[in-house]
Amino acid sequence: MIEARKLCIGLSLSSTWLKGDNWRRPESRVEELYSSDLYADLAVKAERAKLDFVFKPDALHLNIEALDQSAGFGSLDPTVLMATIARETQRIGLITTASTSFNAPYLVARQLQSLHWASNGRAGLNIVTSMDGAANFGDRPLPPSEARYAGAAEFVEVVRRLWDSYPHETLRLDRASGRFGDSSGVHPIDYRGEHYHVRGPLNVPSHPAGGPPLLQAGASPAGRAFAAATADAVFAASPDSAAGIELRRDLRQRAADAGRRPDEVRVLPGLYFFLARTRAEAMELHREAHVHLDEERRYASVERLLGIDLRETPPDRPVTEAMLDDPSAARPVWSRTHAEQLRALVRREQPTVRALLSRPEVVGSGHWVVAGTPEDALEAIVARREAGALDGLIALPGGSLSSLDLFLEEVVPMLAERGMFRDAYTGTTLREHLDMG
């Protein structure tokens, strides 16, 4: 079992519960997709459950072709959204997203320092090196991954220097003497690197809470090296426990090699959950979220996971264990956990081809997927924790907002009862929630 430090749990404010046909549900609140009220309500619920933070990923383009059936990546600006949520909450952290490829470090430093003050020390920043939408920022193609991360390392260094360039301690605000501040304590950073030349200082003072924590999501070797050197937490796509264990071990070793404590970088896989009172109801939520996936993609997924081609098999024919005895089934798969779960299902239930093609293991994403009851979600989280596959998680509600309610109102309290999560806030800032001092 991993060390007894409590789990770190955040909530993604991306509209994952609207995928597939689930946006058509009466309770989906899809009409409020571009209203801050919806996200403020979710943040208040998450704060009531004592979560560490809410988190808003971002996209910088609109997928016009997808608009007939989905939002096509349309969304509010995450930093503006977090500023509105700051006024509706008191404790929960607020993590926004910014791309180092399409933003100036001075602008991002100022926005985050402003959000930090507006939220009384609860701001955090998710650093990404690129997003779809490069054509909206010029005609030049994005540089290779290694070059983007080299630029991102400079970007973070500039931002952090700017955050420190105007210390809040220099504010005197002495009415009697007429002394507003001590200018001798404020210094330009005069940064000149390969990618950025920034004079500074920032025109917003540092916050007494310390700088905003950094989140990162890179999975490539260059991304992992960047995360290990700079990030306080990593938003990880870990479809199975083995992937989480490998990533966590690798990041801890890289952090140590970079001169940091291994536990300074928390691994937070995305948990994409479909929760209901019964497993059958949860499976229906999952099915409706994936109605848009065509049959060929499903057949290809079964072939990758089980090593068998079912394209010519009648949809109502049961899939039996004998059919799994194919030599190609031993080849590497993208998720061994999903493959083993699917094999166990075949041995236990002999599902029809049609039923097999609808399984979460078949249509699952790169994220960890749980479709079941709150107790099923609890067991899955506990198992991963005990395996050393995570330091926490980021909740990605699927199917319905009632799924999120079950997570916040039942799963999180059960984790607290087991001593794995807090039952009350002990601090007021995001750094305190993350045990960063």
# chains A, B, ... in the order shown; residues from 1 in each chain; ligands from 1
call {"tool": "residues_around", "arguments": {"residues": "Trp368 of chain A", "least_positions_apart": "2", "cutoff": "10 Å", "atoms": "only C-alpha atoms", "output": "list of chain:residue names"}}
result
A:Ala236, A:Ala237, A:Ser238, A:Pro239, A:Asp240, A:Ser241, A:Gly244, A:Pro269, A:Gly270, A:Leu271, A:Tyr272, A:Phe273, A:His338, A:Glu361, A:Gly364, A:Ser365, A:Gly366, A:Val370, A:Ala380, A:Leu393, A:Leu396
call {"tool": "write_last_selection", "arguments": {"atoms": "N, CA and C atoms", "output": "PDB file, in the first residue's frame"}}
result
ATOM      1  N   ALA A 236      -3.479  12.715 -15.369  1.00  0.00           N
ATOM      2  CA  ALA A 236      -3.004  11.567 -16.121  1.00  0.00           C
ATOM      3  C   ALA A 236      -4.133  10.803 -16.778  1.00  0.00           C
ATOM      4  N   ALA A 237      -3.909  10.372 -18.022  1.00  0.00           N
ATOM      5  CA  ALA A 237      -4.808   9.436 -18.682  1.00  0.00           C
ATOM      6  C   ALA A 237      -4.268   8.034 -18.417  1.00  0.00           C
ATOM      7  N   SER A 238      -4.860   7.335 -17.468  1.00  0.00           N
ATOM      8  CA  SER A 238      -4.396   6.000 -17.069  1.00  0.00           C
ATOM      9  C   SER A 238      -5.558   5.027 -17.174  1.00  0.00           C
ATOM     10  N   PRO A 239      -5.714   4.352 -18.311  1.00  0.00           N
ATOM     11  CA  PRO A 239      -6.872   3.473 -18.475  1.00  0.00           C
ATOM     12  C   PRO A 239      -6.890   2.294 -17.524  1.00  0.00           C
ATOM     13  N   ASP A 240      -5.718   1.890 -17.025  1.00  0.00           N
ATOM     14  CA  ASP A 240      -5.686   0.775 -16.084  1.00  0.00           C
ATOM     15  C   ASP A 240      -4.660   1.034 -14.998  1.00  0.00           C
ATOM     16  N   SER A 241      -4.683   0.175 -13.989  1.00  0.00           N
ATOM     17  CA  SER A 241      -3.815   0.342 -12.834  1.00  0.00           C
ATOM     18  C   SER A 241      -2.338   0.242 -13.221  1.00  0.00           C
ATOM     19  N   GLY A 244      -1.072   3.489 -14.463  1.00  0.00           N
ATOM     20  CA  GLY A 244      -0.906   4.441 -13.374  1.00  0.00           C
ATOM     21  C   GLY A 244       0.324   4.156 -12.541  1.00  0.00           C
ATOM     22  N   PRO A 269      -5.086  10.607 -12.015  1.00  0.00           N
ATOM     23  CA  PRO A 269      -5.754  10.118 -13.226  1.00  0.00           C
ATOM     24  C   PRO A 269      -7.182  10.640 -13.330  1.00  0.00           C
ATOM     25  N   GLY A 270      -7.642  10.803 -14.553  1.00  0.00           N
ATOM     26  CA  GLY A 270      -9.043  11.156 -14.763  1.00  0.00           C
ATOM     27  C   GLY A 270      -9.914   9.926 -14.559  1.00  0.00           C
ATOM     28  N   LEU A 271     -10.938  10.038 -13.712  1.00  0.00           N
ATOM     29  CA  LEU A 271     -11.891   8.951 -13.484  1.00  0.00           C
ATOM     30  C   LEU A 271     -13.203   9.325 -14.162  1.00  0.00           C
ATOM     31  N   TYR A 272     -13.479   8.662 -15.283  1.00  0.00           N
ATOM     32  CA  TYR A 272     -14.688   8.906 -16.076  1.00  0.00           C
ATOM     33  C   TYR A 272     -15.744   7.918 -15.591  1.00  0.00           C
ATOM     34  N   PHE A 273     -16.706   8.405 -14.803  1.00  0.00           N
ATOM     35  CA  PHE A 273     -17.623   7.493 -14.136  1.00  0.00           C
ATOM     36  C   PHE A 273     -19.070   7.681 -14.573  1.00  0.00           C
ATOM     37  N   HIS A 338      -8.437  -3.760 -19.103  1.00  0.00           N
ATOM     38  CA  HIS A 338      -9.665  -3.865 -19.883  1.00  0.00           C
ATOM     39  C   HIS A 338      -9.739  -5.222 -20.588  1.00  0.00           C
ATOM     40  N   GLU A 361     -15.346  -1.518 -21.575  1.00  0.00           N
ATOM     41  CA  GLU A 361     -13.974  -1.878 -21.919  1.00  0.00           C
ATOM     42  C   GLU A 361     -13.705  -1.726 -23.411  1.00  0.00           C
ATOM     43  N   GLY A 364     -14.250   2.362 -24.257  1.00  0.00           N
ATOM     44  CA  GLY A 364     -13.614   3.257 -23.296  1.00  0.00           C
ATOM     45  C   GLY A 364     -12.590   4.181 -23.935  1.00  0.00           C
ATOM     46  N   SER A 365     -12.310   5.270 -23.225  1.00  0.00           N
ATOM     47  CA  SER A 365     -11.326   6.246 -23.681  1.00  0.00           C
ATOM     48  C   SER A 365      -9.989   5.937 -23.032  1.00  0.00           C
ATOM     49  N   GLY A 366      -9.033   6.859 -23.188  1.00  0.00           N
ATOM     50  CA  GLY A 366      -7.757   6.701 -22.512  1.00  0.00           C
ATOM     51  C   GLY A 366      -7.868   6.890 -21.015  1.00  0.00           C
ATOM     52  N   VAL A 370     -15.346   3.799 -14.949  1.00  0.00           N
ATOM     53  CA  VAL A 370     -16.114   2.979 -14.017  1.00  0.00           C
ATOM     54  C   VAL A 370     -17.594   3.184 -14.328  1.00  0.00           C
ATOM     55  N   ALA A 380     -13.058   0.519  -6.787  1.00  0.00           N
ATOM     56  CA  ALA A 380     -12.075   0.768  -7.839  1.00  0.00           C
ATOM     57  C   ALA A 380     -11.026   1.775  -7.378  1.00  0.00           C
ATOM     58  N   LEU A 393      -7.370  11.820  -7.795  1.00  0.00           N
ATOM     59  CA  LEU A 393      -8.051  11.669  -9.085  1.00  0.00           C
ATOM     60  C   LEU A 393      -8.757  12.970  -9.450  1.00  0.00           C
ATOM     61  N   LEU A 396     -14.501  12.988 -13.677  1.00  0.00           N
ATOM     62  CA  LEU A 396     -15.080  13.307 -14.980  1.00  0.00           C
ATOM     63  C   LEU A 396     -16.467  12.671 -15.029  1.00  0.00           C
TER      64      LEU A 396
END
call {"tool": "select_by_dssp", "arguments": {"residues": "segment 270-351 of chain A", "states": "strand (DSSP E)", "output": "count of residues only"}}
result
6
call {"tool": "select_by_dssp", "arguments": {"residues": "segment 125-309 of chain A", "states": "helix (DSSP H, G or I)", "output": "PyMOL selection string"}}
result
chain A and resi 134-137+145-165+168-170+183-185+221-230+241-257+262-264+279-289+295-306
call {"tool": "residues_around", "arguments": {"residues": "Thr100 of chain A", "least_positions_apart": "5", "cutoff": "8 Å", "atoms": "only C-alpha atoms", "output": "PDB file with N, CA and C atoms, in the first residue's frame"}}
result
ATOM      1  N   PRO A 105       3.845  34.983 -21.528  1.00  0.00           N
ATOM      2  CA  PRO A 105       3.972  34.686 -20.095  1.00  0.00           C
ATOM      3  C   PRO A 105       3.552  35.842 -19.196  1.00  0.00           C
ATOM      4  N   ILE A 127      -0.831  23.938 -17.138  1.00  0.00           N
ATOM      5  CA  ILE A 127       0.039  24.326 -18.245  1.00  0.00           C
ATOM      6  C   ILE A 127      -0.065  23.295 -19.362  1.00  0.00           C
ATOM      7  N   VAL A 128      -0.404  23.743 -20.570  1.00  0.00           N
ATOM      8  CA  VAL A 128      -0.375  22.870 -21.738  1.00  0.00           C
ATOM      9  C   VAL A 128       0.520  23.511 -22.787  1.00  0.00           C
ATOM     10  N   THR A 129       1.171  22.676 -23.596  1.00  0.00           N
ATOM     11  CA  THR A 129       2.115  23.210 -24.576  1.00  0.00           C
ATOM     12  C   THR A 129       1.487  23.425 -25.941  1.00  0.00           C
ATOM     13  N   SER A 130       0.328  22.834 -26.168  1.00  0.00           N
ATOM     14  CA  SER A 130      -0.357  23.053 -27.439  1.00  0.00           C
ATOM     15  C   SER A 130      -1.782  22.582 -27.307  1.00  0.00           C
ATOM     16  N   GLY A 151      10.322  25.490 -24.683  1.00  0.00           N
ATOM     17  CA  GLY A 151       9.698  26.804 -24.560  1.00  0.00           C
ATOM     18  C   GLY A 151       8.823  26.894 -23.333  1.00  0.00           C
ATOM     19  N   ALA A 152       8.123  25.813 -23.001  1.00  0.00           N
ATOM     20  CA  ALA A 152       7.252  25.807 -21.823  1.00  0.00           C
ATOM     21  C   ALA A 152       8.061  25.945 -20.541  1.00  0.00           C
ATOM     22  N   PHE A 155       8.785  29.494 -20.242  1.00  0.00           N
ATOM     23  CA  PHE A 155       7.517  30.162 -19.930  1.00  0.00           C
ATOM     24  C   PHE A 155       7.241  30.094 -18.433  1.00  0.00           C
TER      25      PHE A 155
END
call {"tool": "residues_around", "arguments": {"residues": "Ala46 of chain A", "least_positions_apart": "5", "cutoff": "9 Å", "atoms": "only C-alpha atoms", "output": "ChimeraX atom specification"}}
result
/A:10-11,41,51-54,92,408
call {"tool": "residues_around", "arguments": {"residues": "Glu409 of chain A", "least_positions_apart": "6", "cutoff": "12 Å", "atoms": "only C-alpha atoms", "output": "list in words"}}
result
Lys45, Ala46, Glu47, Arg48, Ala49, Lys50, Leu51, Leu275, Pro374, Ser402, Ser403, Leu415, Ala416 and Asp423 of chain A
call {"tool": "closest_residue", "arguments": {"among": "A:Tyr106, A:Phe137, A:Tyr149, A:Trp117", "to": "Ser165 of chain A", "atoms": "only C-alpha atoms"}}
result
A:Tyr106
call {"tool": "residues_around", "arguments": {"residues": "segment 390-392 of chain A", "least_positions_apart": "6", "cutoff": "6 Å", "atoms": "only C-alpha atoms", "output": "compact mmCIF listing (two decimals) with all heavy atoms, in the first residue's frame"}}
result
# COMPACT_ATOMS: atom_id res chain seq x y z
N LEU A 7 -6.01 11.34 -0.17
CA LEU A 7 -6.17 11.53 -1.60
C LEU A 7 -6.41 13.00 -1.94
O LEU A 7 -6.99 13.74 -1.16
CB LEU A 7 -7.36 10.72 -2.11
CG LEU A 7 -7.25 9.19 -2.04
CD1 LEU A 7 -8.59 8.57 -2.38
CD2 LEU A 7 -6.18 8.68 -2.99
N CYS A 8 -5.96 13.38 -3.11
CA CYS A 8 -6.27 14.70 -3.68
C CYS A 8 -7.36 14.48 -4.73
O CYS A 8 -7.18 13.66 -5.64
CB CYS A 8 -5.02 15.30 -4.31
SG CYS A 8 -5.30 16.81 -5.25
N ILE A 9 -8.50 15.16 -4.60
CA ILE A 9 -9.61 14.96 -5.52
C ILE A 9 -10.07 16.29 -6.10
O ILE A 9 -10.36 17.24 -5.36
CB ILE A 9 -10.80 14.26 -4.84
CG1 ILE A 9 -10.36 12.92 -4.24
CG2 ILE A 9 -11.94 14.04 -5.83
CD1 ILE A 9 -11.47 12.17 -3.53
N ARG A 266 2.11 14.95 -7.70
CA ARG A 266 0.99 14.04 -7.48
C ARG A 266 0.41 13.57 -8.81
O ARG A 266 0.19 14.38 -9.72
CB ARG A 266 -0.09 14.73 -6.66
CG ARG A 266 0.34 15.06 -5.25
CD ARG A 266 -0.87 15.41 -4.41
NE ARG A 266 -0.51 15.60 -3.02
CZ ARG A 266 -1.38 15.64 -2.03
NH1 ARG A 266 -2.67 15.52 -2.28
NH2 ARG A 266 -0.99 15.81 -0.79
N VAL A 267 0.14 12.28 -8.90
CA VAL A 267 -0.45 11.70 -10.10
C VAL A 267 -1.96 11.60 -9.90
O VAL A 267 -2.43 10.91 -9.00
CB VAL A 267 0.15 10.32 -10.39
CG1 VAL A 267 -0.57 9.65 -11.56
CG2 VAL A 267 1.63 10.45 -10.71
N LEU A 268 -2.72 12.31 -10.74
CA LEU A 268 -4.16 12.39 -10.62
C LEU A 268 -4.82 11.90 -11.91
O LEU A 268 -5.07 12.68 -12.83
CB LEU A 268 -4.60 13.83 -10.34
CG LEU A 268 -3.89 14.57 -9.20
CD1 LEU A 268 -4.40 16.00 -9.10
CD2 LEU A 268 -4.07 13.83 -7.88
call {"tool": "atom_distance", "arguments": {"atom1": "atom CA of Lys19 of chain A", "atom2": "atom CA of His367 of chain A"}}
result
14.5 Å
call {"tool": "atom_distance", "arguments": {"atom1": "atom CA of Asp232 of chain A", "atom2": "atom CA of Asp164 of chain A"}}
result
17.8 Å
call {"tool": "closest_residue", "arguments": {"among": "A:Ala256, A:Leu202, A:Val265, A:Ala377", "to": "Ala217 of chain A", "atoms": "only C-alpha atoms"}}
result
A:Val265
call {"tool": "atom_distance", "arguments": {"atom1": "atom CA of Val158 of chain A", "atom2": "atom CA of Ser75 of chain A"}}
result
28.0 Å
call {"tool": "residues_around", "arguments": {"residues": "Ala150 of chain A", "least_positions_apart": "2", "cutoff": "12 Å", "atoms": "only C-alpha atoms", "output": "list in words"}}
result
Thr100, Ser101, Thr129, Pro143, Pro144, Ser145, Glu146, Ala147, Arg148, Ala152, Ala153, Glu154, Phe155, Val156, Glu157, Gly193, Glu194, His195, Tyr196, Ala222, Gly223, Ala225, Phe226, Ala227 and Ala229 of chain A
call {"tool": "write_last_selection", "arguments": {"atoms": "C-alpha atoms", "output": "CSV table (one decimal), in the first residue's frame"}}
result
chain,number,residue,atom,x,y,z
A,100,THR,CA,2.4,28.2,-23.6
A,101,SER,CA,2.2,28.0,-27.4
A,129,THR,CA,2.1,23.2,-24.6
A,143,PRO,CA,7.3,23.1,-33.4
A,144,PRO,CA,8.0,19.5,-32.4
A,145,SER,CA,7.2,18.3,-28.9
A,146,GLU,CA,10.7,18.7,-27.5
A,147,ALA,CA,10.9,22.3,-28.7
A,148,ARG,CA,7.5,23.1,-27.3
A,152,ALA,CA,7.3,25.8,-21.8
A,153,ALA,CA,10.1,25.5,-19.3
A,154,GLU,CA,11.1,29.1,-20.1
A,155,PHE,CA,7.5,30.2,-19.9
A,156,VAL,CA,7.1,28.7,-16.4
A,157,GLU,CA,10.3,30.2,-15.2
A,193,GLY,CA,16.2,33.5,-22.8
A,194,GLU,CA,16.0,31.6,-26.1
A,195,HIS,CA,12.2,32.0,-26.4
A,196,TYR,CA,11.3,35.0,-24.2
A,222,ALA,CA,9.5,15.3,-22.9
A,223,GLY,CA,6.2,16.0,-21.2
A,225,ALA,CA,10.4,15.4,-17.8
A,226,PHE,CA,8.7,18.8,-17.8
A,227,ALA,CA,6.1,17.7,-15.3
A,229,ALA,CA,10.7,19.4,-13.0
call {"tool": "decode", "arguments": {"residues": "segment 286-310 of chain A", "atoms": "N, CA, C and O atoms", "output": "PDB file, in the first residue's frame"}}
result
ATOM      1  N   HIS A 286     -23.866   4.658 -19.803  1.00  0.00           N
ATOM      2  CA  HIS A 286     -22.647   4.494 -20.587  1.00  0.00           C
ATOM      3  C   HIS A 286     -22.968   4.232 -22.053  1.00  0.00           C
ATOM      4  O   HIS A 286     -22.331   4.777 -22.959  1.00  0.00           O
ATOM      5  N   ARG A 287     -23.978   3.394 -22.315  1.00  0.00           N
ATOM      6  CA  ARG A 287     -24.360   3.097 -23.693  1.00  0.00           C
ATOM      7  C   ARG A 287     -24.780   4.362 -24.429  1.00  0.00           C
ATOM      8  O   ARG A 287     -24.355   4.605 -25.567  1.00  0.00           O
ATOM      9  N   GLU A 288     -25.597   5.193 -23.781  1.00  0.00           N
ATOM     10  CA  GLU A 288     -26.084   6.408 -24.434  1.00  0.00           C
ATOM     11  C   GLU A 288     -24.966   7.412 -24.687  1.00  0.00           C
ATOM     12  O   GLU A 288     -25.053   8.228 -25.603  1.00  0.00           O
ATOM     13  N   ALA A 289     -23.921   7.338 -23.890  1.00  0.00           N
ATOM     14  CA  ALA A 289     -22.794   8.251 -24.085  1.00  0.00           C
ATOM     15  C   ALA A 289     -21.930   7.852 -25.275  1.00  0.00           C
ATOM     16  O   ALA A 289     -21.098   8.648 -25.722  1.00  0.00           O
ATOM     17  N   HIS A 290     -22.118   6.635 -25.776  1.00  0.00           N
ATOM     18  CA  HIS A 290     -21.249   6.150 -26.835  1.00  0.00           C
ATOM     19  C   HIS A 290     -22.009   5.700 -28.080  1.00  0.00           C
ATOM     20  O   HIS A 290     -21.467   4.965 -28.905  1.00  0.00           O
ATOM     21  N   VAL A 291     -23.242   6.173 -28.215  1.00  0.00           N
ATOM     22  CA  VAL A 291     -24.028   5.785 -29.398  1.00  0.00           C
ATOM     23  C   VAL A 291     -23.408   6.321 -30.686  1.00  0.00           C
ATOM     24  O   VAL A 291     -23.675   5.807 -31.774  1.00  0.00           O
ATOM     25  N   HIS A 292     -22.566   7.337 -30.563  1.00  0.00           N
ATOM     26  CA  HIS A 292     -21.978   7.942 -31.755  1.00  0.00           C
ATOM     27  C   HIS A 292     -20.807   7.137 -32.313  1.00  0.00           C
ATOM     28  O   HIS A 292     -20.325   7.415 -33.411  1.00  0.00           O
ATOM     29  N   LEU A 293     -20.321   6.146 -31.567  1.00  0.00           N
ATOM     30  CA  LEU A 293     -19.192   5.351 -32.037  1.00  0.00           C
ATOM     31  C   LEU A 293     -19.689   4.297 -33.021  1.00  0.00           C
ATOM     32  O   LEU A 293     -20.539   3.473 -32.689  1.00  0.00           O
ATOM     33  N   ASP A 294     -19.134   4.284 -34.215  1.00  0.00           N
ATOM     34  CA  ASP A 294     -19.619   3.351 -35.224  1.00  0.00           C
ATOM     35  C   ASP A 294     -19.142   1.925 -34.925  1.00  0.00           C
ATOM     36  O   ASP A 294     -18.237   1.694 -34.128  1.00  0.00           O
ATOM     37  N   GLU A 295     -19.786   0.983 -35.591  1.00  0.00           N
ATOM     38  CA  GLU A 295     -19.505  -0.430 -35.330  1.00  0.00           C
ATOM     39  C   GLU A 295     -18.069  -0.804 -35.645  1.00  0.00           C
ATOM     40  O   GLU A 295     -17.468  -1.614 -34.941  1.00  0.00           O
ATOM     41  N   GLU A 296     -17.486  -0.227 -36.681  1.00  0.00           N
ATOM     42  CA  GLU A 296     -16.131  -0.611 -37.063  1.00  0.00           C
ATOM     43  C   GLU A 296     -15.142  -0.302 -35.929  1.00  0.00           C
ATOM     44  O   GLU A 296     -14.248  -1.111 -35.645  1.00  0.00           O
ATOM     45  N   ARG A 297     -15.304   0.842 -35.295  1.00  0.00           N
ATOM     46  CA  ARG A 297     -14.415   1.186 -34.186  1.00  0.00           C
ATOM     47  C   ARG A 297     -14.591   0.209 -33.040  1.00  0.00           C
ATOM     48  O   ARG A 297     -13.628  -0.143 -32.350  1.00  0.00           O
ATOM     49  N   ARG A 298     -15.798  -0.253 -32.824  1.00  0.00           N
ATOM     50  CA  ARG A 298     -16.046  -1.212 -31.745  1.00  0.00           C
ATOM     51  C   ARG A 298     -15.438  -2.579 -32.073  1.00  0.00           C
ATOM     52  O   ARG A 298     -14.815  -3.210 -31.217  1.00  0.00           O
ATOM     53  N   TYR A 299     -15.638  -3.025 -33.311  1.00  0.00           N
ATOM     54  CA  TYR A 299     -15.041  -4.297 -33.708  1.00  0.00           C
ATOM     55  C   TYR A 299     -13.511  -4.245 -33.596  1.00  0.00           C
ATOM     56  O   TYR A 299     -12.872  -5.205 -33.159  1.00  0.00           O
ATOM     57  N   ALA A 300     -12.935  -3.134 -34.032  1.00  0.00           N
ATOM     58  CA  ALA A 300     -11.479  -2.994 -33.974  1.00  0.00           C
ATOM     59  C   ALA A 300     -10.994  -3.022 -32.527  1.00  0.00           C
ATOM     60  O   ALA A 300      -9.928  -3.585 -32.228  1.00  0.00           O
ATOM     61  N   SER A 301     -11.761  -2.433 -31.635  1.00  0.00           N
ATOM     62  CA  SER A 301     -11.384  -2.431 -30.225  1.00  0.00           C
ATOM     63  C   SER A 301     -11.411  -3.842 -29.644  1.00  0.00           C
ATOM     64  O   SER A 301     -10.496  -4.253 -28.914  1.00  0.00           O
ATOM     65  N   VAL A 302     -12.459  -4.621 -29.960  1.00  0.00           N
ATOM     66  CA  VAL A 302     -12.524  -6.012 -29.500  1.00  0.00           C
ATOM     67  C   VAL A 302     -11.344  -6.806 -30.042  1.00  0.00           C
ATOM     68  O   VAL A 302     -10.723  -7.609 -29.332  1.00  0.00           O
ATOM     69  N   GLU A 303     -11.012  -6.563 -31.290  1.00  0.00           N
ATOM     70  CA  GLU A 303      -9.894  -7.282 -31.894  1.00  0.00           C
ATOM     71  C   GLU A 303      -8.581  -6.962 -31.184  1.00  0.00           C
ATOM     72  O   GLU A 303      -7.749  -7.840 -30.941  1.00  0.00           O
ATOM     73  N   ARG A 304      -8.394  -5.673 -30.816  1.00  0.00           N
ATOM     74  CA  ARG A 304      -7.176  -5.297 -30.097  1.00  0.00           C
ATOM     75  C   ARG A 304      -7.136  -5.918 -28.705  1.00  0.00           C
ATOM     76  O   ARG A 304      -6.087  -6.354 -28.237  1.00  0.00           O
ATOM     77  N   LEU A 305      -8.278  -5.943 -28.023  1.00  0.00           N
ATOM     78  CA  LEU A 305      -8.317  -6.403 -26.644  1.00  0.00           C
ATOM     79  C   LEU A 305      -8.304  -7.927 -26.519  1.00  0.00           C
ATOM     80  O   LEU A 305      -7.631  -8.474 -25.634  1.00  0.00           O
ATOM     81  N   LEU A 306      -9.060  -8.607 -27.392  1.00  0.00           N
ATOM     82  CA  LEU A 306      -9.216 -10.055 -27.251  1.00  0.00           C
ATOM     83  C   LEU A 306      -8.523 -10.863 -28.342  1.00  0.00           C
ATOM     84  O   LEU A 306      -8.432 -12.087 -28.251  1.00  0.00           O
ATOM     85  N   GLY A 307      -8.074 -10.196 -29.386  1.00  0.00           N
ATOM     86  CA  GLY A 307      -7.386 -10.909 -30.452  1.00  0.00           C
ATOM     87  C   GLY A 307      -8.300 -11.690 -31.355  1.00  0.00           C
ATOM     88  O   GLY A 307      -7.845 -12.615 -32.045  1.00  0.00           O
ATOM     89  N   ILE A 308      -9.593 -11.358 -31.382  1.00  0.00           N
ATOM     90  CA  ILE A 308     -10.523 -12.072 -32.257  1.00  0.00           C
ATOM     91  C   ILE A 308     -11.291 -11.079 -33.123  1.00  0.00           C
ATOM     92  O   ILE A 308     -11.624  -9.981 -32.680  1.00  0.00           O
ATOM     93  N   ASP A 309     -11.562 -11.502 -34.344  1.00  0.00           N
ATOM     94  CA  ASP A 309     -12.304 -10.675 -35.295  1.00  0.00           C
ATOM     95  C   ASP A 309     -13.746 -11.180 -35.339  1.00  0.00           C
ATOM     96  O   ASP A 309     -14.013 -12.294 -35.797  1.00  0.00           O
ATOM     97  N   LEU A 310     -14.680 -10.349 -34.858  1.00  0.00           N
ATOM     98  CA  LEU A 310     -16.088 -10.744 -34.794  1.00  0.00           C
ATOM     99  C   LEU A 310     -16.934 -10.122 -35.890  1.00  0.00           C
ATOM    100  O   LEU A 310     -18.161 -10.196 -35.846  1.00  0.00           O
TER     101      LEU A 310
END
